[in-house]
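Okay, structure first, notes after.
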Amino acid sequence: MARVKRGVTAHRRHKKVLSMAKGRRGTNHSLYRRAHESMLHALKYAKRHRHERKGDLRRLWVLRINAASREHGLSYSRLMHGLRLANVAIDRKMLADLAYAEPEAFAAVAGQAKTRLETAAA
């Protein structure tokens, strides 16, 4: 079997890790082992926060929908229940955008939910 010298490969890998660790304090940006630990930690945080962001956005959408629906005399849960009864398939992201950017369109959607709730109660 032929002999494999790994100097180039290791050097390239070390350079990649050190470039990813730029801007860190102390030895975390200059020593390979410390930089590697720092990079792994940062990548863990990045992945975790990418997933957290999805929940944060959903909470924001619910907050906006709730505020807009209360202007039309409905709570968030009543609005969502009315939309489900009326077979209106609009997700929270779109509803929040309607509430924020186009209040007239949101009023129409809320009106549909309200009438459907009233007919279901009767």
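We name chains A, B, ... following the order of the structure tokens; residues begin at 1 in each chain, and ligands are numbered from 1 as shown.
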
### Task
Please identify all polymer residues within 12 Å of Arg84 (chain A), counting only C-alpha atoms, omitting same-chain residues fewer than 2 positions from it, and present them as an MDAnalysis selection string.
chainID A and resid 77:82 86:91 109:110 112:114 116:117 120

Can you spit out the residues from that selection as a PDB file, in the first residue's frame, using N, CA and C atoms?
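So the final result, stored in result-v4.pdb, reads:
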ATOM      1  N   SER A  77     -58.678  32.288  19.773  1.00  0.00           N
ATOM      2  CA  SER A  77     -59.158  30.911  19.673  1.00  0.00           C
ATOM      3  C   SER A  77     -60.521  30.844  18.984  1.00  0.00           C
ATOM      4  N   ARG A  78     -61.392  31.823  19.254  1.00  0.00           N
ATOM      5  CA  ARG A  78     -62.711  31.847  18.596  1.00  0.00           C
ATOM      6  C   ARG A  78     -62.549  32.093  17.097  1.00  0.00           C
ATOM      7  N   LEU A  79     -61.634  32.983  16.740  1.00  0.00           N
ATOM      8  CA  LEU A  79     -61.382  33.249  15.319  1.00  0.00           C
ATOM      9  C   LEU A  79     -60.901  31.983  14.615  1.00  0.00           C
ATOM     10  N   MET A  80     -59.933  31.311  15.200  1.00  0.00           N
ATOM     11  CA  MET A  80     -59.392  30.111  14.571  1.00  0.00           C
ATOM     12  C   MET A  80     -60.455  29.009  14.484  1.00  0.00           C
ATOM     13  N   HIS A  81     -61.277  28.896  15.514  1.00  0.00           N
ATOM     14  CA  HIS A  81     -62.349  27.900  15.485  1.00  0.00           C
ATOM     15  C   HIS A  81     -63.352  28.234  14.388  1.00  0.00           C
ATOM     16  N   GLY A  82     -63.708  29.514  14.279  1.00  0.00           N
ATOM     17  CA  GLY A  82     -64.642  29.940  13.236  1.00  0.00           C
ATOM     18  C   GLY A  82     -64.094  29.702  11.845  1.00  0.00           C
ATOM     19  N   ALA A  86     -65.634  27.315   8.974  1.00  0.00           N
ATOM     20  CA  ALA A  86     -65.959  27.882   7.661  1.00  0.00           C
ATOM     21  C   ALA A  86     -65.101  27.297   6.551  1.00  0.00           C
ATOM     22  N   ASN A  87     -64.248  26.335   6.878  1.00  0.00           N
ATOM     23  CA  ASN A  87     -63.339  25.708   5.906  1.00  0.00           C
ATOM     24  C   ASN A  87     -62.457  26.725   5.188  1.00  0.00           C
ATOM     25  N   VAL A  88     -61.985  27.712   5.933  1.00  0.00           N
ATOM     26  CA  VAL A  88     -61.044  28.690   5.388  1.00  0.00           C
ATOM     27  C   VAL A  88     -59.641  28.188   5.711  1.00  0.00           C
ATOM     28  N   ALA A  89     -58.881  27.874   4.673  1.00  0.00           N
ATOM     29  CA  ALA A  89     -57.545  27.295   4.868  1.00  0.00           C
ATOM     30  C   ALA A  89     -56.480  28.362   4.689  1.00  0.00           C
ATOM     31  N   ILE A  90     -56.349  29.221   5.681  1.00  0.00           N
ATOM     32  CA  ILE A  90     -55.292  30.240   5.680  1.00  0.00           C
ATOM     33  C   ILE A  90     -54.417  29.967   6.887  1.00  0.00           C
ATOM     34  N   ASP A  91     -53.116  29.847   6.665  1.00  0.00           N
ATOM     35  CA  ASP A  91     -52.233  29.566   7.791  1.00  0.00           C
ATOM     36  C   ASP A  91     -51.956  30.844   8.595  1.00  0.00           C
ATOM     37  N   VAL A 109     -62.155  38.228   6.425  1.00  0.00           N
ATOM     38  CA  VAL A 109     -61.906  36.867   6.919  1.00  0.00           C
ATOM     39  C   VAL A 109     -62.504  36.706   8.313  1.00  0.00           C
ATOM     40  N   ALA A 110     -62.313  37.716   9.166  1.00  0.00           N
ATOM     41  CA  ALA A 110     -62.873  37.658  10.523  1.00  0.00           C
ATOM     42  C   ALA A 110     -64.392  37.650  10.469  1.00  0.00           C
ATOM     43  N   GLN A 112     -66.228  36.321   8.107  1.00  0.00           N
ATOM     44  CA  GLN A 112     -66.612  34.957   7.734  1.00  0.00           C
ATOM     45  C   GLN A 112     -66.603  34.049   8.954  1.00  0.00           C
ATOM     46  N   ALA A 113     -65.557  34.148   9.748  1.00  0.00           N
ATOM     47  CA  ALA A 113     -65.445  33.298  10.938  1.00  0.00           C
ATOM     48  C   ALA A 113     -66.565  33.617  11.922  1.00  0.00           C
ATOM     49  N   LYS A 114     -66.862  34.911  12.069  1.00  0.00           N
ATOM     50  CA  LYS A 114     -67.891  35.337  13.020  1.00  0.00           C
ATOM     51  C   LYS A 114     -69.270  34.818  12.609  1.00  0.00           C
ATOM     52  N   ARG A 116     -69.924  32.245  10.738  1.00  0.00           N
ATOM     53  CA  ARG A 116     -69.957  30.797  10.857  1.00  0.00           C
ATOM     54  C   ARG A 116     -70.118  30.365  12.306  1.00  0.00           C
ATOM     55  N   LEU A 117     -69.488  31.100  13.224  1.00  0.00           N
ATOM     56  CA  LEU A 117     -69.652  30.789  14.645  1.00  0.00           C
ATOM     57  C   LEU A 117     -71.088  31.024  15.095  1.00  0.00           C
ATOM     58  N   ALA A 120     -73.295  28.268  13.781  1.00  0.00           N
ATOM     59  CA  ALA A 120     -73.040  26.997  14.469  1.00  0.00           C
ATOM     60  C   ALA A 120     -73.656  27.010  15.863  1.00  0.00           C
TER      61      ALA A 120
END

#### Entry: Residue neighbourhood Leu18 (chain A), 12 Å, only C-alpha atoms, exclusion window fewer than 4 positions, as a list of chain:residue names
A:His11, A:Arg12, A:Arg13, A:His14, A:Lys22, A:Gly23, A:Arg24, A:Thr27, A:Asn28, A:His29, A:Ser30, A:Leu31, A:Tyr32, A:Arg33, A:Arg34, A:Ala35, A:His36, A:Glu37, A:Ser38, A:Met39, A:Leu40

Saved selection, atoms kept: N, CA and C atoms, as an mmCIF file, in the first residue's frame:
data_model
loop_
_atom_site.group_PDB
_atom_site.id
_atom_site.type_symbol
_atom_site.label_atom_id
_atom_site.label_comp_id
_atom_site.auth_asym_id
_atom_site.auth_seq_id
_atom_site.Cartn_x
_atom_site.Cartn_y
_atom_site.Cartn_z
ATOM 1 N N HIS A 11 -3.557 20.611 6.988
ATOM 2 C CA HIS A 11 -3.363 22.064 6.937
ATOM 3 C C HIS A 11 -4.617 22.750 6.402
ATOM 4 N N ARG A 12 -5.204 22.170 5.367
ATOM 5 C CA ARG A 12 -6.422 22.746 4.786
ATOM 6 C C ARG A 12 -7.562 22.721 5.809
ATOM 7 N N ARG A 13 -7.688 21.591 6.520
ATOM 8 C CA ARG A 13 -8.756 21.467 7.514
ATOM 9 C C ARG A 13 -8.552 22.468 8.648
ATOM 10 N N HIS A 14 -7.308 22.595 9.105
ATOM 11 C CA HIS A 14 -7.022 23.545 10.180
ATOM 12 C C HIS A 14 -7.315 24.971 9.734
ATOM 13 N N LYS A 22 -12.906 33.066 13.301
ATOM 14 C CA LYS A 22 -12.437 34.454 13.305
ATOM 15 C C LYS A 22 -13.317 35.304 14.206
ATOM 16 N N GLY A 23 -12.705 36.257 14.875
ATOM 17 C CA GLY A 23 -13.460 37.174 15.714
ATOM 18 C C GLY A 23 -13.639 36.703 17.143
ATOM 19 N N ARG A 24 -13.145 35.517 17.479
ATOM 20 C CA ARG A 24 -13.263 35.011 18.842
ATOM 21 C C ARG A 24 -12.200 35.650 19.725
ATOM 22 N N THR A 27 -7.430 32.746 22.750
ATOM 23 C CA THR A 27 -6.856 31.721 21.886
ATOM 24 C C THR A 27 -7.913 31.014 21.051
ATOM 25 N N ASN A 28 -9.181 31.345 21.248
ATOM 26 C CA ASN A 28 -10.254 30.669 20.522
ATOM 27 C C ASN A 28 -10.231 30.942 19.023
ATOM 28 N N HIS A 29 -9.447 31.887 18.586
ATOM 29 C CA HIS A 29 -9.356 32.140 17.152
ATOM 30 C C HIS A 29 -7.981 31.811 16.580
ATOM 31 N N SER A 30 -7.041 31.442 17.450
ATOM 32 C CA SER A 30 -5.685 31.237 16.939
ATOM 33 C C SER A 30 -5.147 29.825 17.144
ATOM 34 N N LEU A 31 -5.534 29.166 18.216
ATOM 35 C CA LEU A 31 -5.061 27.796 18.449
ATOM 36 C C LEU A 31 -6.096 26.815 17.908
ATOM 37 N N TYR A 32 -5.642 25.833 17.165
ATOM 38 C CA TYR A 32 -6.564 24.939 16.465
ATOM 39 C C TYR A 32 -7.535 24.234 17.413
ATOM 40 N N ARG A 33 -7.003 23.644 18.495
ATOM 41 C CA ARG A 33 -7.887 22.863 19.371
ATOM 42 C C ARG A 33 -8.966 23.751 20.002
ATOM 43 N N ARG A 34 -8.565 24.903 20.484
ATOM 44 C CA ARG A 34 -9.530 25.841 21.085
ATOM 45 C C ARG A 34 -10.511 26.356 20.031
ATOM 46 N N ALA A 35 -9.987 26.641 18.845
ATOM 47 C CA ALA A 35 -10.846 27.139 17.768
ATOM 48 C C ALA A 35 -11.861 26.080 17.356
ATOM 49 N N HIS A 36 -11.436 24.827 17.330
ATOM 50 C CA HIS A 36 -12.334 23.742 16.950
ATOM 51 C C HIS A 36 -13.453 23.590 17.972
ATOM 52 N N GLU A 37 -13.111 23.629 19.256
ATOM 53 C CA GLU A 37 -14.139 23.554 20.313
ATOM 54 C C GLU A 37 -15.118 24.711 20.186
ATOM 55 N N SER A 38 -14.555 25.896 19.974
ATOM 56 C CA SER A 38 -15.373 27.097 19.859
ATOM 57 C C SER A 38 -16.306 27.007 18.658
ATOM 58 N N MET A 39 -15.790 26.493 17.545
ATOM 59 C CA MET A 39 -16.584 26.362 16.331
ATOM 60 C C MET A 39 -17.726 25.357 16.531
ATOM 61 N N LEU A 40 -17.423 24.217 17.160
ATOM 62 C CA LEU A 40 -18.461 23.215 17.402
ATOM 63 C C LEU A 40 -19.566 23.782 18.286
#

## Note on the structure
Min atom-atom distance to Gly55 (chain A) from the set A:Gly111, A:Gly26, A:Leu74, A:Lys93, counting only C-alpha atoms, belongs to A:Lys93

### Task
Could you pull out the residues in chain A that DSSP calls alpha helix (DSSP H) from the backbone, as a count of residues only?
92

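In this model, the gap between CA of Gly7 (chain A) and CA of Ala21 (chain A) comes to 21.0 Å.
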
### Message
Please list as a ChimeraX atom specification every residue within 12 Å of region 94-97 of chain A, counting only C-alpha atoms and excluding residues in the same chain fewer than 4 positions away.
### Response
/A:57-69,76,79-80,83,88-90,101-110
